Amino acid sequence: MIEPILTVDNLKTYFYTRSGIIKAVDGLSFSVAKGKTLSIVGESGSGKSVAMMSIMGLLPQPPAKIEGGSVQFQGQDLLKLTQTELRTLRGRKIGMIFQDPMTSLNPYLKISTQLMEALTEHDRSVSKQTAYERALWTLEQVGISDPIQRINQYPHQFSGGMRQRVMIAMTLMTDPEVIIADEPTTALDVTIQAQILDILRNLQVKRGLSMILITHDLGIVAGMSDEVLVMYAGRPVEQGTVEELFYHPHHPYTQALLRSIPSVMHENQELYSIKGLPPDPANLPPGCPFAPRCERVMPICSQIPPVRTLSPTHTSVCHLETPS
Amino acid sequence: MNNNEALANEMGRSLWQDALQRIRKNKVAMASFWYLLFQGTVAILAPFLTRFGYETTDLLLGATAPDWVHLFGTDDLGRDMFTRVLYGARVSLMVGILATLVSVGIGVTYGAVSGYTGGRVDALMMRGLEILYAMPFTFFVIILMVLFGRNIYLMFIALGAVQWLTMARIVRGQVVSLKTMEYVTAARAMGVRNHAIIFRHILPNVISPVIIYTTLTIPGVILEEAFLSFLGLGVQEPMSSWGTLIADGVTALETYPWMIVYPCITLMLTLVALNFLGDGLREALDPKSNWE
Amino acid sequence: MLLYICKRILGMIPVLWVIVTLTFFLIRLAPGGPFDQEKHIPPEILENLEAKYHMNEPLYMQYVHYLGMLARGDLGPSFRYENRTVNEIIFETFPVSAQVGGLGLLYALVIGVCAGLFAASRPNTFRDYIPMFFSLIGTCLPSFVIGPLLMLLFAVKLQWVSVSGWEKPTDVILPAITLGTMYAAYFARLTRGGILDLIRQDFIRTAHAKGVRGWVIMLRHTLKGGLLPSVSFLGPAAAAMLTGSLVVETIFNIPGLGRFFVQSALNRDYTLVMGCVLFVAVLIVLMNLLVDIAYALLDPRVSYE
């Protein structure tokens, strides 16, 4: 088995608000193997982004507070690092790509400035010239033509897809080990989506990067990842390899998600959708949070479900098959 | 269902009740409100609160430091400063409120007409507004006050005529968005109680910025009046406003500092309270500021 | 850009024309005239005077005549200060006001922007509350309150500077602070607000994710955009500092443009009043143009091409 590069164990991130404690992430564990891609899937509000921001130390505290768990990366627990130590890791070892390329680049600064600082902020011995050349090279890597001219432009002169390429180039300025891509294609046109995913996949293969891909699009999951983690209401629901998840889904929520993919094969079939709404995060039901919407709900579901190991790589958190 | 009930309650509560509840929780704004109410009451009741007349001089007494008879001391003519500050509040507050009303009247009318008519008229009126923004207005007020005599009614109008530009802009913006909302309402079935929508959603959208901006205009006008009075272009002796009192105090700064201290404190407290109240109203009436 | 500036300067002309026309008829509609106060002028001299200033002609002719003069860049002779033109008076007094106003503006900007940055760097902590408390006090401290207080402290008690007058170079300090304090308070609030608006933006999160140091984010990523509200306030502020100097010049007894203006209005010195108003209007319009140019320089998305 390939050694994991990043291991998250029992992560708990709570928000303390006027309307009560919101358990945005509650007991999340997973690990990313070197050179592999882990996809995290879930509806909006399921805590995927919050979990990633917790790892990166990017959450405003307060209102957020990391209540427990550990994040092991290269022999250190990221949650125990000071802000300064964490800052030197961010961008250098772990890069992050955000959802909306329209708002994620600073509109007041040239692309060159934003690219170069990703390198110079971590290594101040790097000369401006070196940083500039590196920036040109990364732009080329992500398929931006005429980088010499483009590098001196401002973000508003780029299209959405181009900006996302710039975002990716920014993470490549240093040599990161892990890239966290938080819904990198959600805000883009379908045709552009494919291009961006291609770039990501190529880079990963070429440079042996590990990647955490956050998405709610199961199509992307199937094409991009090695392992999958399904989240619901801040908790892990099911975890396994792509094959296991897609061909042998165990948890009713995973099964429902898979059924709600529009299929080309069955044209006339009515689109399946999960009944009900995601639960109010401040007011979670006791036991399994999915129970109120679950088609196979049982009385025992009001108790906390056990983690069931289905294979060395496949786990599911559900009461199914619990002897009653 | 407890949850649903709470939700229904929340929906049913009107924006005004909601705002009222929010501002009640804002201690600073409430303290400011009570202070202003107190200040206003004291100003209205001024004749009953003091034994002295604001113009009664006592040259034999001259300037005395504050004591139990003259709470704020007396000025160089032996006039009771407490009385003069009280009467000054009458003038300053009245000018502040009346001139602001003038500015609200002009601003709302101009903005509403411009926004409602739209098209060329709107463009022309907005261009006019731009020209007016380039006017050295303080100079104009001074010209008016100098040339047409120091008349308190003229002062209301002059000061009000200066302050309406921003109000007009705000109202126009709201009216323009209101117009597009009307289409939406009309497009939605005629059966919907239209007046309910207008009263609950559209009107507050115009009224709340007007209320907020009005509260923030009053301190500006009070300052402007004090400024004119300070230059000797505002109210005339023996009438006093906070501005004239401060101007008098400046001349006696080294010898009788109490002559400037009390009017300054009163003026500042009032301005601070008005600003706090305005900020509080903005937070309470503007639902967008919920997360602040 | 150059084309845009030219356009804007041409666009000034109708604005100034409206202002000139309004002022012209406003002051002539008012009762009283420039020669009222001289009690014992013999009729023939008065007639000569009126002829000299075209006062004997019908109003519209005077108006046409005045516009003609303006077109030549001449603001006309003063009615009250014999043998002096309005141009001369303005060129003599404006530098005084400009020194006070310029220094005041500089002081307001430096103090205000720094305080705003300081407050915004730790929002909702004491580092925020303390400067913002002073800023609130500052917005409620009109020049005629702070001026005398400063004078009392630094001139009377400590005797560091002279009480009033315009002789020594240090005489500019107290007036400038008096003038600038309220605007420093506004700039502090605007800067804080502008920066806090930006700090919530996604691109700041990106910068943090890149591992950029906190103060670099503050200065490189938020300052440019965070200054925009202050920049748009700069136009009105600069204009108000010139008019606000009326009070400051009175308190500190400084021979600036503002004092001449009040005096000229009291004297019914028609040409001088008009000249001052027009001069200040031109300044306001130019300041607004400068503000728009600064805007384009700070925000790459704004372009006047």
# chains A, B, ... in the order shown; residues from 1 in each chain; ligands from 1

call {"tool": "interface_residues", "arguments": {"of": "chain A", "to": "chain C", "cutoff": "8 Å", "atoms": "only C-alpha atoms", "output": "PDB file with C-alpha atoms, in the first residue's frame"}}
result
ATOM      1  CA  MET A  56      -5.153  25.081   5.681  1.00  0.00           C
ATOM      2  CA  LEU A  58      -7.809  29.645   6.706  1.00  0.00           C
ATOM      3  CA  ARG A  87       1.823  30.151   6.647  1.00  0.00           C
ATOM      4  CA  THR A  88       5.213  28.883   5.509  1.00  0.00           C
ATOM      5  CA  LEU A  89       3.568  25.586   4.583  1.00  0.00           C
ATOM      6  CA  ARG A  90       0.601  27.112   2.802  1.00  0.00           C
ATOM      7  CA  GLY A  91       1.266  27.622  -0.864  1.00  0.00           C
ATOM      8  CA  ARG A  92       4.745  26.091  -0.564  1.00  0.00           C
ATOM      9  CA  GLY A  95      -1.545  24.609  -2.816  1.00  0.00           C
ATOM     10  CA  MET A  96      -5.190  25.479  -3.049  1.00  0.00           C
ATOM     11  CA  PHE A  98     -10.799  27.890  -5.311  1.00  0.00           C
ATOM     12  CA  THR A 103     -13.403  36.571  -7.424  1.00  0.00           C
ATOM     13  CA  SER A 104     -10.358  34.591  -6.362  1.00  0.00           C
ATOM     14  CA  LEU A 105      -7.803  36.764  -8.113  1.00  0.00           C
ATOM     15  CA  ASN A 106      -7.044  40.245  -6.853  1.00  0.00           C
ATOM     16  CA  PRO A 107      -8.531  42.674  -9.416  1.00  0.00           C
ATOM     17  CA  TYR A 108      -6.155  45.451  -8.381  1.00  0.00           C
ATOM     18  CA  LEU A 109      -2.913  43.595  -9.054  1.00  0.00           C
ATOM     19  CA  GLU A 117       4.586  36.562  -4.756  1.00  0.00           C
ATOM     20  CA  ALA A 118       3.537  32.930  -4.436  1.00  0.00           C
ATOM     21  CA  GLU A 121       6.912  35.156  -0.126  1.00  0.00           C
ATOM     22  CA  HIS A 122       8.337  31.766   0.737  1.00  0.00           C
ATOM     23  CA  TYR A 154      -4.963  42.351 -14.901  1.00  0.00           C
ATOM     24  CA  HIS A 156     -10.408  41.419 -15.595  1.00  0.00           C
ATOM     25  CA  THR A 171      -0.091  26.825  -7.114  1.00  0.00           C
TER      26      THR A 171
END

call {"tool": "residues_around", "arguments": {"residues": "stretch 142-150 of chain C", "least_positions_apart": "5", "cutoff": "9 Å", "atoms": "only C-alpha atoms", "output": "list in words"}}
result
Leu223, Ala226, Phe227, Phe230, Gly243, Ile246, Ala247, Gly249, Val250, Leu253, Ile260, Cys264 and Met268 of chain B; Ala155, Leu174, Pro175, Ile177, Thr178, Leu179, Gly180, Thr181, Met182, Gly244, Ser245, Val247, Val248, Ile251 and Phe252 of chain C

call {"tool": "interface_residues", "arguments": {"of": "chain C", "to": "chain B", "cutoff": "8 Å", "atoms": "only C-alpha atoms", "output": "ChimeraX atom specification"}}
result
/C:15,18-19,27,30-32,136-137,140-142,144-145,148,152,156,239,243,247,250,262,265-266,268,277,280-281,284-285

call {"tool": "write_last_selection", "arguments": {"atoms": "N, CA and C atoms", "output": "mmCIF file, in the first residue's frame"}}
result
data_model
loop_
_atom_site.group_PDB
_atom_site.id
_atom_site.type_symbol
_atom_site.label_atom_id
_atom_site.label_comp_id
_atom_site.auth_asym_id
_atom_site.auth_seq_id
_atom_site.Cartn_x
_atom_site.Cartn_y
_atom_site.Cartn_z
ATOM 1 N N VAL C 15 -20.677 73.996 -16.788
ATOM 2 C CA VAL C 15 -20.870 73.990 -15.324
ATOM 3 C C VAL C 15 -20.518 75.350 -14.752
ATOM 4 N N VAL C 18 -23.052 78.058 -15.626
ATOM 5 C CA VAL C 18 -24.247 78.037 -14.775
ATOM 6 C C VAL C 18 -23.940 78.705 -13.432
ATOM 7 N N ILE C 19 -22.786 78.383 -12.891
ATOM 8 C CA ILE C 19 -22.442 78.937 -11.581
ATOM 9 C C ILE C 19 -22.272 80.453 -11.662
ATOM 10 N N ILE C 27 -26.413 87.994 -6.591
ATOM 11 C CA ILE C 27 -25.893 89.104 -5.790
ATOM 12 C C ILE C 27 -26.461 90.429 -6.258
ATOM 13 N N ALA C 30 -29.916 91.201 -4.735
ATOM 14 C CA ALA C 30 -29.927 91.540 -3.317
ATOM 15 C C ALA C 30 -29.992 93.046 -3.132
ATOM 16 N N PRO C 31 -30.667 93.463 -2.074
ATOM 17 C CA PRO C 31 -30.719 94.901 -1.795
ATOM 18 C C PRO C 31 -29.332 95.410 -1.442
ATOM 19 N N GLY C 32 -29.109 96.686 -1.697
ATOM 20 C CA GLY C 32 -27.828 97.300 -1.355
ATOM 21 C C GLY C 32 -26.857 97.205 -2.510
ATOM 22 N N LEU C 136 -14.664 58.891 15.908
ATOM 23 C CA LEU C 136 -16.021 59.376 16.140
ATOM 24 C C LEU C 136 -15.982 60.742 16.818
ATOM 25 N N ILE C 137 -15.106 60.867 17.820
ATOM 26 C CA ILE C 137 -14.963 62.162 18.482
ATOM 27 C C ILE C 137 -14.553 63.205 17.440
ATOM 28 N N CYS C 140 -17.107 64.783 15.295
ATOM 29 C CA CYS C 140 -17.996 65.713 15.979
ATOM 30 C C CYS C 140 -17.241 66.914 16.535
ATOM 31 N N LEU C 141 -16.012 67.091 16.083
ATOM 32 C CA LEU C 141 -15.221 68.221 16.557
ATOM 33 C C LEU C 141 -15.073 69.250 15.450
ATOM 34 N N PRO C 142 -15.995 70.182 15.340
ATOM 35 C CA PRO C 142 -15.863 71.173 14.275
ATOM 36 C C PRO C 142 -14.647 72.063 14.504
ATOM 37 N N PHE C 144 -14.226 75.128 14.709
ATOM 38 C CA PHE C 144 -14.292 76.244 15.643
ATOM 39 C C PHE C 144 -14.298 75.778 17.097
ATOM 40 N N VAL C 145 -14.360 74.471 17.308
ATOM 41 C CA VAL C 145 -14.191 73.961 18.664
ATOM 42 C C VAL C 145 -12.744 73.541 18.872
ATOM 43 N N PRO C 148 -9.835 76.703 18.923
ATOM 44 C CA PRO C 148 -9.577 77.376 20.197
ATOM 45 C C PRO C 148 -8.926 76.467 21.235
ATOM 46 N N LEU C 152 -5.480 77.214 22.970
ATOM 47 C CA LEU C 152 -5.361 77.314 24.422
ATOM 48 C C LEU C 152 -4.191 76.479 24.922
ATOM 49 N N VAL C 156 -1.224 79.250 24.312
ATOM 50 C CA VAL C 156 -1.349 79.982 25.571
ATOM 51 C C VAL C 156 -0.601 79.277 26.698
ATOM 52 N N ALA C 239 -12.214 70.430 -1.391
ATOM 53 C CA ALA C 239 -13.024 71.623 -1.605
ATOM 54 C C ALA C 239 -13.487 72.187 -0.265
ATOM 55 N N THR C 243 -13.196 75.902 1.817
ATOM 56 C CA THR C 243 -14.273 76.698 2.381
ATOM 57 C C THR C 243 -14.227 76.643 3.901
ATOM 58 N N VAL C 247 -13.446 79.622 8.633
ATOM 59 C CA VAL C 247 -13.450 79.665 10.087
ATOM 60 C C VAL C 247 -12.033 79.698 10.632
ATOM 61 N N THR C 250 -10.425 82.897 10.287
ATOM 62 C CA THR C 250 -10.958 83.854 11.255
ATOM 63 C C THR C 250 -10.349 83.624 12.632
ATOM 64 N N VAL C 262 -15.480 86.450 2.857
ATOM 65 C CA VAL C 262 -16.509 86.923 3.784
ATOM 66 C C VAL C 262 -16.553 88.446 3.770
ATOM 67 N N ALA C 265 -18.147 89.775 0.631
ATOM 68 C CA ALA C 265 -19.595 89.647 0.616
ATOM 69 C C ALA C 265 -20.214 90.746 1.469
ATOM 70 N N LEU C 266 -19.613 91.003 2.622
ATOM 71 C CA LEU C 266 -20.136 92.061 3.483
ATOM 72 C C LEU C 266 -20.021 93.415 2.805
ATOM 73 N N ARG C 268 -20.244 93.954 -0.341
ATOM 74 C CA ARG C 268 -20.915 93.927 -1.646
ATOM 75 C C ARG C 268 -19.904 94.202 -2.769
ATOM 76 N N VAL C 277 -16.020 82.869 -5.834
ATOM 77 C CA VAL C 277 -16.912 81.734 -6.087
ATOM 78 C C VAL C 277 -16.428 80.953 -7.307
ATOM 79 N N VAL C 280 -13.167 79.040 -6.629
ATOM 80 C CA VAL C 280 -13.371 77.832 -5.833
ATOM 81 C C VAL C 280 -14.090 76.764 -6.663
ATOM 82 N N ALA C 281 -15.049 77.186 -7.494
ATOM 83 C CA ALA C 281 -15.755 76.224 -8.340
ATOM 84 C C ALA C 281 -14.774 75.508 -9.272
ATOM 85 N N ILE C 284 -12.910 72.991 -7.332
ATOM 86 C CA ILE C 284 -13.698 71.796 -7.030
ATOM 87 C C ILE C 284 -13.748 70.878 -8.251
ATOM 88 N N VAL C 285 -14.035 71.485 -9.409
ATOM 89 C CA VAL C 285 -14.156 70.676 -10.620
ATOM 90 C C VAL C 285 -12.821 70.004 -10.942
#

call {"tool": "atom_distance", "arguments": {"atom1": "atom CA of C:Thr21", "atom2": "atom CA of C:Met274"}}
result
9.8 Å

call {"tool": "residues_around", "arguments": {"residues": "C:Phe133", "least_positions_apart": "6", "cutoff": "12 Å", "atoms": "only C-alpha atoms", "output": "list in words"}}
result
Val272 and Phe276 of chain B; Ala115, Gly116, Ala119, Asn124, Phe126, Arg127, Thr139, Cys140, Ala185, Ala188 and Arg189 of chain C

call {"tool": "residues_around", "arguments": {"residues": "A:Cys294", "least_positions_apart": "6", "cutoff": "10 Å", "atoms": "only C-alpha atoms", "output": "list of chain:residue names"}}
result
A:His251, A:Pro252, A:Tyr253, A:Ala256, A:Ile274, A:Lys275, A:Gly276, A:Cys288, A:Cys301

call {"tool": "closest_atom_pairs", "arguments": {"of": "chain A", "to": "chain B", "cutoff": "12 Å", "atoms": "only C-alpha atoms", "output": "CSV"}}
result
residue,atom,partner,partner_atom,distance
A:Thr17,CA,B:Trp291,CA,10.7
A:Arg18,CA,B:Trp291,CA,10.6
A:Asp280,CA,B:Asn3,CA,10.7
A:Asn283,CA,B:Asn3,CA,10.0

call {"tool": "write_last_selection", "arguments": {"atoms": "C-alpha atoms", "output": "PDB file, in the first residue's frame"}}
result
ATOM      1  CA  THR A  17     -22.895  31.682  16.322  1.00  0.00           C
ATOM      2  CA  ARG A  18     -25.735  33.572  17.919  1.00  0.00           C
ATOM      3  CA  ASP A 280     -30.321  22.526   9.457  1.00  0.00           C
ATOM      4  CA  ASN A 283     -30.256  21.469  14.591  1.00  0.00           C
TER       5      ASN A 283
END

call {"tool": "atom_distance", "arguments": {"atom1": "atom CA of A:Thr191", "atom2": "atom CA of A:Gly160"}}
result
11.9 Å

call {"tool": "atom_distance", "arguments": {"atom1": "atom CA of A:Tyr247", "atom2": "atom CA of A:Arg296"}}
result
19.4 Å

call {"tool": "residues_around", "arguments": {"residues": "B:Leu49", "least_positions_apart": "3", "cutoff": "9 Å", "atoms": "only C-alpha atoms", "output": "MDAnalysis selection string"}}
result
chainID B and resid 42 45:46 83 86

call {"tool": "residues_around", "arguments": {"residues": "stretch 233-244 of chain A", "least_positions_apart": "4", "cutoff": "6 Å", "atoms": "only C-alpha atoms", "output": "VMD selection string"}}
result
chain A and resid 24 to 26 28 46 to 47 226 to 229 248 313 to 317

call {"tool": "residues_around", "arguments": {"residues": "C:Phe91", "least_positions_apart": "2", "cutoff": "12 Å", "atoms": "only C-alpha atoms", "output": "PyMOL selection string"}}
result
chain C and resi 75+84-89+93-98+256-257+260+275-276+279

call {"tool": "select_by_dssp", "arguments": {"residues": "stretch 26-202 of chain C", "states": "alpha helix (DSSP H)", "output": "PDB file with C-alpha atoms, in the first residue's frame"}}
result
ATOM      1  CA  LEU C  26     -28.179  86.416  -7.125  1.00  0.00           C
ATOM      2  CA  ILE C  27     -25.893  89.104  -5.790  1.00  0.00           C
ATOM      3  CA  ARG C  28     -27.388  91.807  -7.963  1.00  0.00           C
ATOM      4  CA  LEU C  29     -30.907  90.937  -6.905  1.00  0.00           C
ATOM      5  CA  PRO C  43     -23.130 112.499  -6.850  1.00  0.00           C
ATOM      6  CA  GLU C  44     -20.702 113.234  -9.684  1.00  0.00           C
ATOM      7  CA  ILE C  45     -18.009 110.976  -8.210  1.00  0.00           C
ATOM      8  CA  LEU C  46     -20.557 108.250  -7.622  1.00  0.00           C
ATOM      9  CA  GLU C  47     -21.564 108.585 -11.260  1.00  0.00           C
ATOM     10  CA  ASN C  48     -17.939 108.269 -12.311  1.00  0.00           C
ATOM     11  CA  LEU C  49     -17.525 105.214 -10.133  1.00  0.00           C
ATOM     12  CA  GLU C  50     -20.626 103.624 -11.541  1.00  0.00           C
ATOM     13  CA  ALA C  51     -19.458 104.324 -15.069  1.00  0.00           C
ATOM     14  CA  LYS C  52     -16.087 102.826 -14.297  1.00  0.00           C
ATOM     15  CA  LEU C  59     -28.207  94.483 -15.986  1.00  0.00           C
ATOM     16  CA  TYR C  60     -27.970  92.259 -19.064  1.00  0.00           C
ATOM     17  CA  MET C  61     -25.265  94.503 -20.540  1.00  0.00           C
ATOM     18  CA  GLN C  62     -23.307  94.232 -17.313  1.00  0.00           C
ATOM     19  CA  TYR C  63     -23.697  90.468 -17.562  1.00  0.00           C
ATOM     20  CA  VAL C  64     -22.497  90.345 -21.151  1.00  0.00           C
ATOM     21  CA  HIS C  65     -19.635  92.612 -20.252  1.00  0.00           C
ATOM     22  CA  TYR C  66     -18.645  90.397 -17.329  1.00  0.00           C
ATOM     23  CA  LEU C  67     -18.727  87.245 -19.448  1.00  0.00           C
ATOM     24  CA  GLY C  68     -16.569  89.017 -22.013  1.00  0.00           C
ATOM     25  CA  MET C  69     -14.050  89.811 -19.326  1.00  0.00           C
ATOM     26  CA  LEU C  70     -14.075  86.240 -18.060  1.00  0.00           C
ATOM     27  CA  ALA C  71     -13.421  84.939 -21.554  1.00  0.00           C
ATOM     28  CA  VAL C  86      -9.562  90.496  -8.388  1.00  0.00           C
ATOM     29  CA  ASN C  87      -6.890  88.398 -10.075  1.00  0.00           C
ATOM     30  CA  GLU C  88      -4.221  90.097  -7.993  1.00  0.00           C
ATOM     31  CA  ILE C  89      -6.121  89.625  -4.759  1.00  0.00           C
ATOM     32  CA  ILE C  90      -6.763  85.954  -5.425  1.00  0.00           C
ATOM     33  CA  PHE C  91      -3.185  85.250  -6.418  1.00  0.00           C
ATOM     34  CA  GLU C  92      -2.044  86.939  -3.257  1.00  0.00           C
ATOM     35  CA  THR C  93      -4.427  85.292  -0.814  1.00  0.00           C
ATOM     36  CA  PHE C  94      -4.877  81.855  -2.302  1.00  0.00           C
ATOM     37  CA  PRO C  95      -1.318  80.645  -1.628  1.00  0.00           C
ATOM     38  CA  VAL C  96      -1.930  81.348   2.057  1.00  0.00           C
ATOM     39  CA  SER C  97      -5.134  79.312   2.098  1.00  0.00           C
ATOM     40  CA  ALA C  98      -3.477  76.651  -0.029  1.00  0.00           C
ATOM     41  CA  GLN C  99      -0.651  76.256   2.461  1.00  0.00           C
ATOM     42  CA  VAL C 100      -3.056  75.775   5.330  1.00  0.00           C
ATOM     43  CA  GLY C 101      -5.389  73.589   3.288  1.00  0.00           C
ATOM     44  CA  GLY C 102      -2.625  71.542   1.671  1.00  0.00           C
ATOM     45  CA  LEU C 103      -0.879  70.824   4.939  1.00  0.00           C
ATOM     46  CA  GLY C 104      -4.227  70.101   6.575  1.00  0.00           C
ATOM     47  CA  LEU C 105      -5.146  67.670   3.824  1.00  0.00           C
ATOM     48  CA  LEU C 106      -1.779  65.939   4.042  1.00  0.00           C
ATOM     49  CA  TYR C 107      -2.148  65.625   7.804  1.00  0.00           C
ATOM     50  CA  ALA C 108      -5.713  64.348   7.455  1.00  0.00           C
ATOM     51  CA  LEU C 109      -4.697  61.749   4.863  1.00  0.00           C
ATOM     52  CA  VAL C 110      -1.649  60.447   6.686  1.00  0.00           C
ATOM     53  CA  ILE C 111      -3.293  60.258  10.110  1.00  0.00           C
ATOM     54  CA  GLY C 112      -6.613  59.058   8.732  1.00  0.00           C
ATOM     55  CA  VAL C 113      -5.284  56.340   6.457  1.00  0.00           C
ATOM     56  CA  CYS C 114      -2.836  55.062   9.073  1.00  0.00           C
ATOM     57  CA  ALA C 115      -5.499  54.971  11.776  1.00  0.00           C
ATOM     58  CA  GLY C 116      -7.878  53.231   9.390  1.00  0.00           C
ATOM     59  CA  LEU C 117      -5.266  50.641   8.439  1.00  0.00           C
ATOM     60  CA  PHE C 118      -4.389  50.084  12.070  1.00  0.00           C
ATOM     61  CA  ALA C 119      -8.024  49.603  13.017  1.00  0.00           C
ATOM     62  CA  ALA C 120      -8.749  47.328  10.073  1.00  0.00           C
ATOM     63  CA  SER C 121      -5.771  45.086  10.791  1.00  0.00           C
ATOM     64  CA  PHE C 126      -9.213  47.163  21.090  1.00  0.00           C
ATOM     65  CA  ARG C 127      -6.849  48.017  18.268  1.00  0.00           C
ATOM     66  CA  ASP C 128      -9.970  48.740  16.261  1.00  0.00           C
ATOM     67  CA  TYR C 129     -12.130  50.319  18.953  1.00  0.00           C
ATOM     68  CA  ILE C 130      -9.604  52.871  20.157  1.00  0.00           C
ATOM     69  CA  PRO C 131      -8.837  54.581  16.839  1.00  0.00           C
ATOM     70  CA  MET C 132     -12.498  54.361  15.862  1.00  0.00           C
ATOM     71  CA  PHE C 133     -13.549  55.979  19.126  1.00  0.00           C
ATOM     72  CA  PHE C 134     -11.193  58.868  18.435  1.00  0.00           C
ATOM     73  CA  SER C 135     -12.466  58.997  14.888  1.00  0.00           C
ATOM     74  CA  LEU C 136     -16.021  59.376  16.140  1.00  0.00           C
ATOM     75  CA  ILE C 137     -14.963  62.162  18.482  1.00  0.00           C
ATOM     76  CA  GLY C 138     -13.109  63.719  15.569  1.00  0.00           C
ATOM     77  CA  THR C 139     -16.146  63.772  13.296  1.00  0.00           C
ATOM     78  CA  SER C 143     -12.949  73.454  13.479  1.00  0.00           C
ATOM     79  CA  PHE C 144     -14.292  76.244  15.643  1.00  0.00           C
ATOM     80  CA  VAL C 145     -14.191  73.961  18.664  1.00  0.00           C
ATOM     81  CA  ILE C 146     -10.864  72.267  18.109  1.00  0.00           C
ATOM     82  CA  GLY C 147      -9.134  75.460  16.950  1.00  0.00           C
ATOM     83  CA  PRO C 148      -9.577  77.376  20.197  1.00  0.00           C
ATOM     84  CA  LEU C 149      -8.745  74.286  22.235  1.00  0.00           C
ATOM     85  CA  LEU C 150      -5.463  73.772  20.370  1.00  0.00           C
ATOM     86  CA  ILE C 173       0.738  74.231  12.075  1.00  0.00           C
ATOM     87  CA  LEU C 174      -2.221  74.846  14.348  1.00  0.00           C
ATOM     88  CA  PRO C 175      -4.535  76.025  11.555  1.00  0.00           C
ATOM     89  CA  ALA C 176      -3.648  72.986   9.463  1.00  0.00           C
ATOM     90  CA  ILE C 177      -4.358  70.590  12.339  1.00  0.00           C
ATOM     91  CA  THR C 178      -7.561  72.415  13.141  1.00  0.00           C
ATOM     92  CA  LEU C 179      -8.678  72.131   9.564  1.00  0.00           C
ATOM     93  CA  GLY C 180      -7.558  68.557   9.066  1.00  0.00           C
ATOM     94  CA  THR C 181      -8.769  66.801  12.206  1.00  0.00           C
ATOM     95  CA  MET C 182     -12.363  66.265  11.176  1.00  0.00           C
ATOM     96  CA  TYR C 183     -11.258  65.001   7.772  1.00  0.00           C
ATOM     97  CA  ALA C 184      -8.653  62.729   9.335  1.00  0.00           C
ATOM     98  CA  ALA C 185     -11.534  61.182  11.242  1.00  0.00           C
ATOM     99  CA  TYR C 186     -13.535  60.686   8.047  1.00  0.00           C
ATOM    100  CA  PHE C 187     -10.553  59.239   6.212  1.00  0.00           C
ATOM    101  CA  ALA C 188      -9.968  56.816   9.076  1.00  0.00           C
ATOM    102  CA  ARG C 189     -13.547  55.563   8.905  1.00  0.00           C
ATOM    103  CA  LEU C 190     -13.493  55.330   5.107  1.00  0.00           C
ATOM    104  CA  THR C 191     -10.155  53.524   4.999  1.00  0.00           C
ATOM    105  CA  ARG C 192     -11.229  51.064   7.665  1.00  0.00           C
ATOM    106  CA  GLY C 193     -14.517  50.413   5.870  1.00  0.00           C
ATOM    107  CA  GLY C 194     -12.843  50.068   2.488  1.00  0.00           C
ATOM    108  CA  ILE C 195     -10.273  47.604   3.764  1.00  0.00           C
ATOM    109  CA  LEU C 196     -12.754  45.554   5.774  1.00  0.00           C
ATOM    110  CA  ASP C 197     -14.916  45.275   2.668  1.00  0.00           C
ATOM    111  CA  LEU C 198     -11.949  43.851   0.808  1.00  0.00           C
ATOM    112  CA  ILE C 199     -10.768  41.546   3.578  1.00  0.00           C
ATOM    113  CA  ASP C 202     -12.257  35.697  -1.972  1.00  0.00           C
TER     114      ASP C 202
END

call {"tool": "closest_residue", "arguments": {"among": "B:Ile97, B:Val85, B:Ile23, B:Met125", "to": "B:Thr214", "atoms": "only C-alpha atoms"}}
result
B:Ile97
